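The data block below is upload.csv; it holds CSV, C-alpha atoms.
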chain,number,residue,atom,x,y,z
B,1,PHE,CA,98.0,114.0,69.6
B,2,ALA,CA,95.1,115.0,67.4
B,3,LYS,CA,97.6,116.1,64.7
B,4,SER,CA,99.4,112.8,64.9
B,5,GLU,CA,96.1,111.0,64.5
B,6,ALA,CA,95.2,113.0,61.4
B,7,VAL,CA,98.6,112.3,59.9
B,8,ARG,CA,98.4,108.6,60.7
B,9,PHE,CA,94.8,107.8,59.6
B,10,LEU,CA,94.2,110.4,56.9
B,11,GLY,CA,97.6,110.5,55.4
B,12,VAL,CA,97.9,114.3,55.7
B,13,PRO,CA,101.4,115.6,55.5
B,14,PRO,CA,102.5,116.9,58.9
B,15,GLU,CA,103.5,120.3,57.6
B,16,LYS,CA,99.9,120.8,56.4
B,17,VAL,CA,98.4,120.4,59.9
B,18,THR,CA,98.3,123.3,62.3
B,19,VAL,CA,97.0,122.8,65.9
B,20,THR,CA,94.6,125.3,67.3
B,21,LEU,CA,93.8,124.7,71.0
B,22,LEU,CA,90.5,124.9,72.8
B,23,ALA,CA,90.0,126.7,76.1
B,24,ALA,CA,87.7,126.5,79.1
B,25,ASP,CA,85.0,129.1,79.6
B,26,PRO,CA,86.4,131.7,82.0
B,27,ALA,CA,83.3,131.2,84.1
B,28,PHE,CA,84.8,127.9,85.4
B,29,GLY,CA,87.4,130.0,87.3
B,30,GLY,CA,85.0,132.7,88.5
B,31,PRO,CA,82.6,132.7,91.5
B,32,ALA,CA,79.8,130.2,91.1
B,33,ALA,CA,76.5,131.8,90.3
B,34,VAL,CA,74.4,129.1,92.1
B,35,PRO,CA,75.0,126.6,94.9
B,36,PRO,CA,76.3,123.1,93.9
B,37,PRO,CA,73.6,120.5,93.4
B,38,ALA,CA,72.4,118.5,96.4
B,39,ALA,CA,74.6,115.6,95.3
B,40,ALA,CA,77.6,117.7,96.2
B,41,GLN,CA,76.4,118.5,99.7
B,42,GLY,CA,76.9,116.6,102.9
B,43,ALA,CA,80.0,114.6,101.9
B,44,PRO,CA,83.1,115.3,99.8
B,45,ILE,CA,82.7,114.2,96.2
B,46,LEU,CA,84.8,112.6,93.5
B,47,LEU,CA,83.4,114.0,90.2
B,48,CYS,CA,83.6,112.5,86.7
B,49,VAL,CA,82.0,114.3,83.8
B,50,ALA,CA,81.6,112.0,80.8
B,51,HIS,CA,78.9,110.2,78.8
B,52,THR,CA,79.3,106.5,79.1
B,53,TYR,CA,81.1,105.8,75.9
B,54,PRO,CA,83.5,102.8,76.2
B,55,HIS,CA,86.6,104.9,75.8
B,56,LYS,CA,85.6,107.1,78.7
B,57,ASN,CA,86.3,104.1,80.9
B,58,THR,CA,83.5,105.0,83.4
B,59,GLY,CA,83.0,101.3,84.3
B,60,LEU,CA,86.5,100.9,85.5
B,61,LEU,CA,86.1,104.1,87.6
B,62,VAL,CA,83.0,102.7,89.3
B,63,ARG,CA,84.7,99.3,90.0
B,64,ALA,CA,87.8,101.1,91.3
B,65,PHE,CA,85.7,103.2,93.6
B,66,ASN,CA,83.9,100.1,94.8
B,67,ARG,CA,87.2,98.7,95.9
B,68,VAL,CA,88.0,101.6,98.2
B,69,ALA,CA,84.6,103.1,99.1
B,70,ALA,CA,84.7,101.6,102.6
B,71,GLU,CA,87.9,103.6,103.3
B,72,LEU,CA,86.7,106.9,102.0
B,73,PRO,CA,84.0,109.4,103.1
B,74,HIS,CA,83.4,110.4,99.5
B,75,ARG,CA,80.5,110.0,97.1
B,76,LEU,CA,81.3,109.4,93.4
B,77,VAL,CA,79.2,111.7,91.2
B,78,LEU,CA,78.9,110.8,87.6
B,79,VAL,CA,77.6,113.5,85.2
B,80,GLY,CA,76.7,112.3,81.8
B,81,LYS,CA,74.2,110.4,79.7
B,82,PRO,CA,74.0,106.7,79.0
B,83,ARG,CA,75.9,105.7,75.8
B,84,PHE,CA,77.3,102.5,74.2
B,85,GLY,CA,79.3,101.7,77.4
B,86,GLU,CA,76.3,101.8,79.6
B,87,PRO,CA,76.0,98.0,80.2
B,88,GLU,CA,79.5,97.9,81.7
B,89,VAL,CA,78.7,100.9,84.0
B,90,ALA,CA,75.4,99.5,85.0
B,91,ALA,CA,77.0,96.1,85.9
B,92,ALA,CA,79.6,97.9,88.0
B,93,LEU,CA,77.0,100.0,89.8
B,94,LYS,CA,75.2,96.8,91.0
B,95,ALA,CA,78.2,96.2,93.3
B,96,SER,CA,78.4,99.8,94.6
B,97,PRO,CA,77.5,100.6,98.2
B,98,PRO,CA,74.0,102.0,98.4
B,99,GLY,CA,73.9,105.8,98.1
B,100,ARG,CA,77.6,106.2,97.4
B,101,VAL,CA,77.4,106.7,93.6
B,102,VAL,CA,75.2,109.5,92.3
B,103,ARG,CA,74.3,109.9,88.6
B,104,LEU,CA,73.3,113.2,87.1
B,105,PRO,CA,72.4,112.8,83.4
B,106,GLY,CA,72.5,116.5,82.7
B,107,LEU,CA,73.0,119.9,84.4
B,108,ARG,CA,72.6,123.5,83.5
B,109,ARG,CA,76.0,125.1,82.8
B,110,ARG,CA,76.1,127.2,85.9
B,111,GLU,CA,75.2,124.1,88.0
B,112,LEU,CA,78.0,122.2,86.3
B,113,ILE,CA,80.5,124.9,87.1
B,114,ALA,CA,79.4,124.9,90.8
B,115,LEU,CA,79.8,121.1,90.9
B,116,TYR,CA,83.3,121.3,89.5
B,117,GLN,CA,84.2,123.9,92.1
B,118,ALA,CA,82.7,121.8,94.9
B,119,ALA,CA,84.5,118.6,93.9
B,120,ASP,CA,87.2,117.3,96.3
B,121,TRP,CA,88.8,115.6,93.2
B,122,PHE,CA,87.9,115.5,89.5
B,123,VAL,CA,88.5,111.9,88.3
B,124,PHE,CA,88.8,111.2,84.6
B,125,PRO,CA,89.9,107.7,83.6
B,126,SER,CA,89.4,108.2,79.8
B,127,LEU,CA,91.5,106.2,77.4
B,128,TYR,CA,91.1,108.4,74.4
B,129,GLU,CA,90.6,112.2,74.1
B,130,GLY,CA,91.2,114.4,71.1
B,131,PHE,CA,91.6,117.3,73.5
B,132,GLY,CA,90.2,116.5,77.0
B,133,LEU,CA,88.2,119.6,77.7
B,134,PRO,CA,86.7,118.3,81.0
B,135,VAL,CA,90.3,118.1,82.4
B,136,LEU,CA,90.9,121.7,81.5
B,137,GLU,CA,87.6,122.8,83.0
B,138,ALA,CA,88.4,121.1,86.3
B,139,MET,CA,91.8,122.7,86.4
B,140,ALA,CA,90.3,126.1,85.8
B,141,ALA,CA,87.7,125.5,88.4
B,142,GLY,CA,90.2,124.6,91.1
B,143,ALA,CA,89.4,120.9,91.4
B,144,PRO,CA,92.5,118.8,91.7
B,145,VAL,CA,92.6,116.2,88.9
B,146,LEU,CA,93.4,112.5,88.7
B,147,THR,CA,93.4,111.2,85.2
B,148,THR,CA,95.4,109.0,82.8
B,149,ARG,CA,98.4,109.5,80.5
B,150,GLU,CA,96.4,108.4,77.5
B,151,ALA,CA,96.1,110.2,74.1
B,152,SER,CA,96.1,114.0,74.4
B,153,ILE,CA,95.4,114.2,78.2
B,154,PRO,CA,99.1,114.7,79.3
B,155,GLU,CA,99.3,117.6,76.8
B,156,ILE,CA,96.5,119.3,78.7
B,157,GLY,CA,97.4,118.4,82.3
B,158,GLY,CA,101.2,118.5,82.1
B,159,ASP,CA,102.7,118.2,85.5
B,160,ALA,CA,99.8,120.0,87.2
B,161,VAL,CA,97.6,116.9,87.6
B,162,ARG,CA,98.0,113.4,89.0
B,163,TYR,CA,98.1,110.3,86.7
B,164,ALA,CA,97.0,106.7,87.2
B,165,ASP,CA,96.8,103.6,85.0
B,166,GLY,CA,93.4,103.6,83.4
B,167,ARG,CA,93.8,100.1,82.2
B,168,ASP,CA,94.4,98.6,85.7
B,169,GLU,CA,91.4,98.6,88.0
B,170,ALA,CA,93.5,97.9,91.2
B,171,ALA,CA,96.1,100.5,90.3
B,172,PHE,CA,93.4,103.1,89.7
B,173,ALA,CA,91.8,102.3,93.0
B,174,ALA,CA,95.1,102.7,94.7
B,175,ALA,CA,95.5,106.1,93.0
B,176,LEU,CA,92.1,107.2,94.2
B,177,ARG,CA,93.1,106.3,97.8
B,178,ALA,CA,96.4,108.1,97.5
B,179,ALA,CA,94.8,111.2,95.9
B,180,VAL,CA,92.4,111.8,98.7
B,181,GLN,CA,95.2,111.4,101.2
B,182,VAL,CA,97.4,114.1,99.6
B,183,PRO,CA,98.7,116.5,102.3
B,184,PRO,CA,96.9,119.9,102.3
B,185,ALA,CA,100.0,121.8,101.2
B,186,GLU,CA,100.6,119.5,98.2
B,187,ARG,CA,96.9,119.8,97.3
B,188,VAL,CA,97.1,123.6,97.4
B,189,ARG,CA,100.3,123.5,95.2
B,190,GLN,CA,98.6,121.2,92.7
B,191,ILE,CA,95.5,123.4,92.4
B,192,ALA,CA,97.6,126.5,92.0
B,193,ALA,CA,99.7,124.9,89.3
B,194,ALA,CA,96.6,123.6,87.5
B,195,LYS,CA,94.9,127.0,87.5
B,196,ALA,CA,98.1,128.6,86.2
B,197,ARG,CA,98.4,126.1,83.4
B,198,ALA,CA,94.7,126.3,82.5
B,199,ALA,CA,95.1,130.1,82.1
B,200,GLY,CA,97.5,129.5,79.3
B,201,PHE,CA,94.6,128.0,77.2
B,202,THR,CA,92.6,130.9,75.8
B,203,TRP,CA,90.0,131.4,73.1
B,204,ASP,CA,91.9,134.5,72.0
B,205,ALA,CA,95.0,132.5,71.3
B,206,GLY,CA,93.1,129.8,69.5
B,207,ALA,CA,91.3,132.5,67.4
B,208,GLN,CA,94.6,134.2,66.5
B,209,GLN,CA,96.1,130.9,65.4
B,210,LEU,CA,93.1,130.1,63.3
B,211,TRP,CA,93.2,133.5,61.7
B,212,TYR,CA,96.8,133.0,60.9
B,213,VAL,CA,96.1,129.7,59.1
B,214,LEU,CA,93.1,131.2,57.2
B,215,THR,CA,95.2,134.2,56.1
B,216,ARG,CA,98.1,132.0,55.0
B,217,VAL,CA,95.8,129.7,53.0
B,218,ALA,CA,94.0,132.6,51.4
B,219,THR,CA,97.2,134.1,50.2
B,220,THR,CA,98.8,130.9,48.9
B,221,ARG,CA,98.9,130.5,45.2

As structure tokens, how would this structure be written, given the file I've shared?
Amino acid sequence: FAKSEAVRFLGVPPEKVTVTLLAADPAFGGPAAVPPPAAAQGAPILLCVAHTYPHKNTGLLVRAFNRVAAELPHRLVLVGKPRFGEPEVAAALKASPPGRVVRLPGLRRRELIALYQAADWFVFPSLYEGFGLPVLEAMAAGAPVLTTREASIPEIGGDAVRYADGRDEAAFAAALRAAVQVPPAERVRQIAAAKARAAGFTWDAGAQQLWYVLTRVATTR
């Protein structure tokens, strides 16, 4: 996806663009070094990690959660700082049931890893991602993922995550409800598939690809 954007907007010939992929820190898949934050204790959580830029679509997520909150035991935990989309998110939060949405503007890395691992679902309604690293981090951490088919996200999640329409509030609310009702065996299968897929994204592979490109450019006359 990022390559297609470079070709489209910069006019770069496709043959001159090589994709090198990111990876999640292996620590996301290892044992947590600290307990999860208090927000993740006492009730199952739906986790979203994103600053409130408009394309992150956090406002729609809050409104969708508000629609089904009475049917779920979950809290919605939002990790991220206020950005240009904050007014939409703040307006949606005014309609949220008291105490059901928790905001954490920032966490230490080891706390974030513990939070990913404690999440019942990782929910990411983004409409535009050049890569989608939070999706990969959640997959590596063993949190089942509900996200969208927008931009690069399907290239990361493949068939190891669940998808919903991030442009339709009611549809996303229905997808939230369906996700938390997934049978245990299906949930285990999805987590295993996601962890296996995430393991295919490594910094070694990205570094080797980058080295290949640098070597090729350096020897081109």

With all atoms listed in the file as the basis for distance, which of B:Arg197, B:Arg149, B:His74, B:Arg162 is at the shortest distance from Glu137 in chain B? B:Arg197

Of the candidates B:Leu127, B:Leu46, B:Ala23, B:Val68, which shows the shortest atom-to-atom distance to Ala199 in chain B, using all atoms listed in the file?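 Closest to Ala199 in chain B of all the choices is B:Ala23.
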
Closest of B:Gly30, B:Gly158, B:Pro134, B:Pro37 to Gly200 in chain B - atom-to-atom distances counting only C-alpha atoms: B:Gly158

Given the point (94.2, 113.2, 73.9) in the coordinates of this file, which residues lie within 7 Å, counting all atoms listed in the file, and how would they look as a ChimeraX atom specification? /B:1-2,128-132,150-153

Pick from B:Val101, B:Ala194, B:Leu146, B:Val49, whichever lies nearest to Ala69 in chain B using all atoms listed in the file: B:Val101

Atomic separation - CA of Ala193 in chain B relative to CA of Pro144 in chain B, Å: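 Result for CA of Pro144 in chain B versus CA of Ala193 in chain B: 9.7 Å, one decimal.
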
Given all atoms listed in the file as the counted atoms, nearest of B:Asp120, B:Glu88, B:Glu111, B:Asp25 to Asn57 in chain B: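 The shortest atom-to-atom distance to Asn57 in chain B comes from B:Glu88.
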
Hey, what's within 12 Å of Val217 in chain B if we count all atoms listed in the file and toss same-chain stuff fewer than 5 positions away? As a PyMOL selection string, please? chain B and resi 16-18+210-212

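Counting from CA of Ala170 in chain B, the distance to CA of Lys94 in chain B is 18.3 Å.
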
Using only C-alpha atoms: which of B:Leu72, B:Val12, B:Ala174, B:Ala160 has the shortest distance to Arg189 in chain B: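 Among B:Leu72, B:Val12, B:Ala174, B:Ala160, it is B:Ala160 that comes nearest to Arg189 in chain B.
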
Within 9 Å of Gly106 in chain B, counting all atoms listed in the file, which residues show up once you throw out same-chain ones fewer than 4 positions away? Write them as a PDB file with C-alpha atoms, keeping the file's coordinate frame, please.
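New file selection.pdb:
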ATOM      1  CA  VAL B  79      77.600 113.500  85.200  1.00  0.00           C
ATOM      2  CA  GLY B  80      76.700 112.300  81.800  1.00  0.00           C
ATOM      3  CA  LYS B  81      74.200 110.400  79.700  1.00  0.00           C
ATOM      4  CA  LEU B 112      78.000 122.200  86.300  1.00  0.00           C
TER       5      LEU B 112
END

So the first atom is CA of Asp159 in chain B and the second is CA of Gln209 in chain B; what is the distance between them in Å, to one decimal place?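 Between these atoms lies a distance of 24.7 Å.
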
Within 8 Å of Arg110 in chain B, counting all atoms listed in the file, which residues qualify if same-chain residues fewer than 6 places away don't, as a VMD selection string? chain B and resid 32 to 34

For Ser4 in chain B, please output as a ChimeraX atom specification all residues within 9 Å (counting only C-alpha atoms; exclusion window: fewer than 4 positions along the same chain). /B:8-9,14

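For Ala95 in chain B, the set of protein, DNA and RNA residues having any atom at most 8 Å away, when counting all atoms listed in the file and skipping those fewer than 4 positions along the same chain, is Arg63, Asn66 and Ala91 of chain B.
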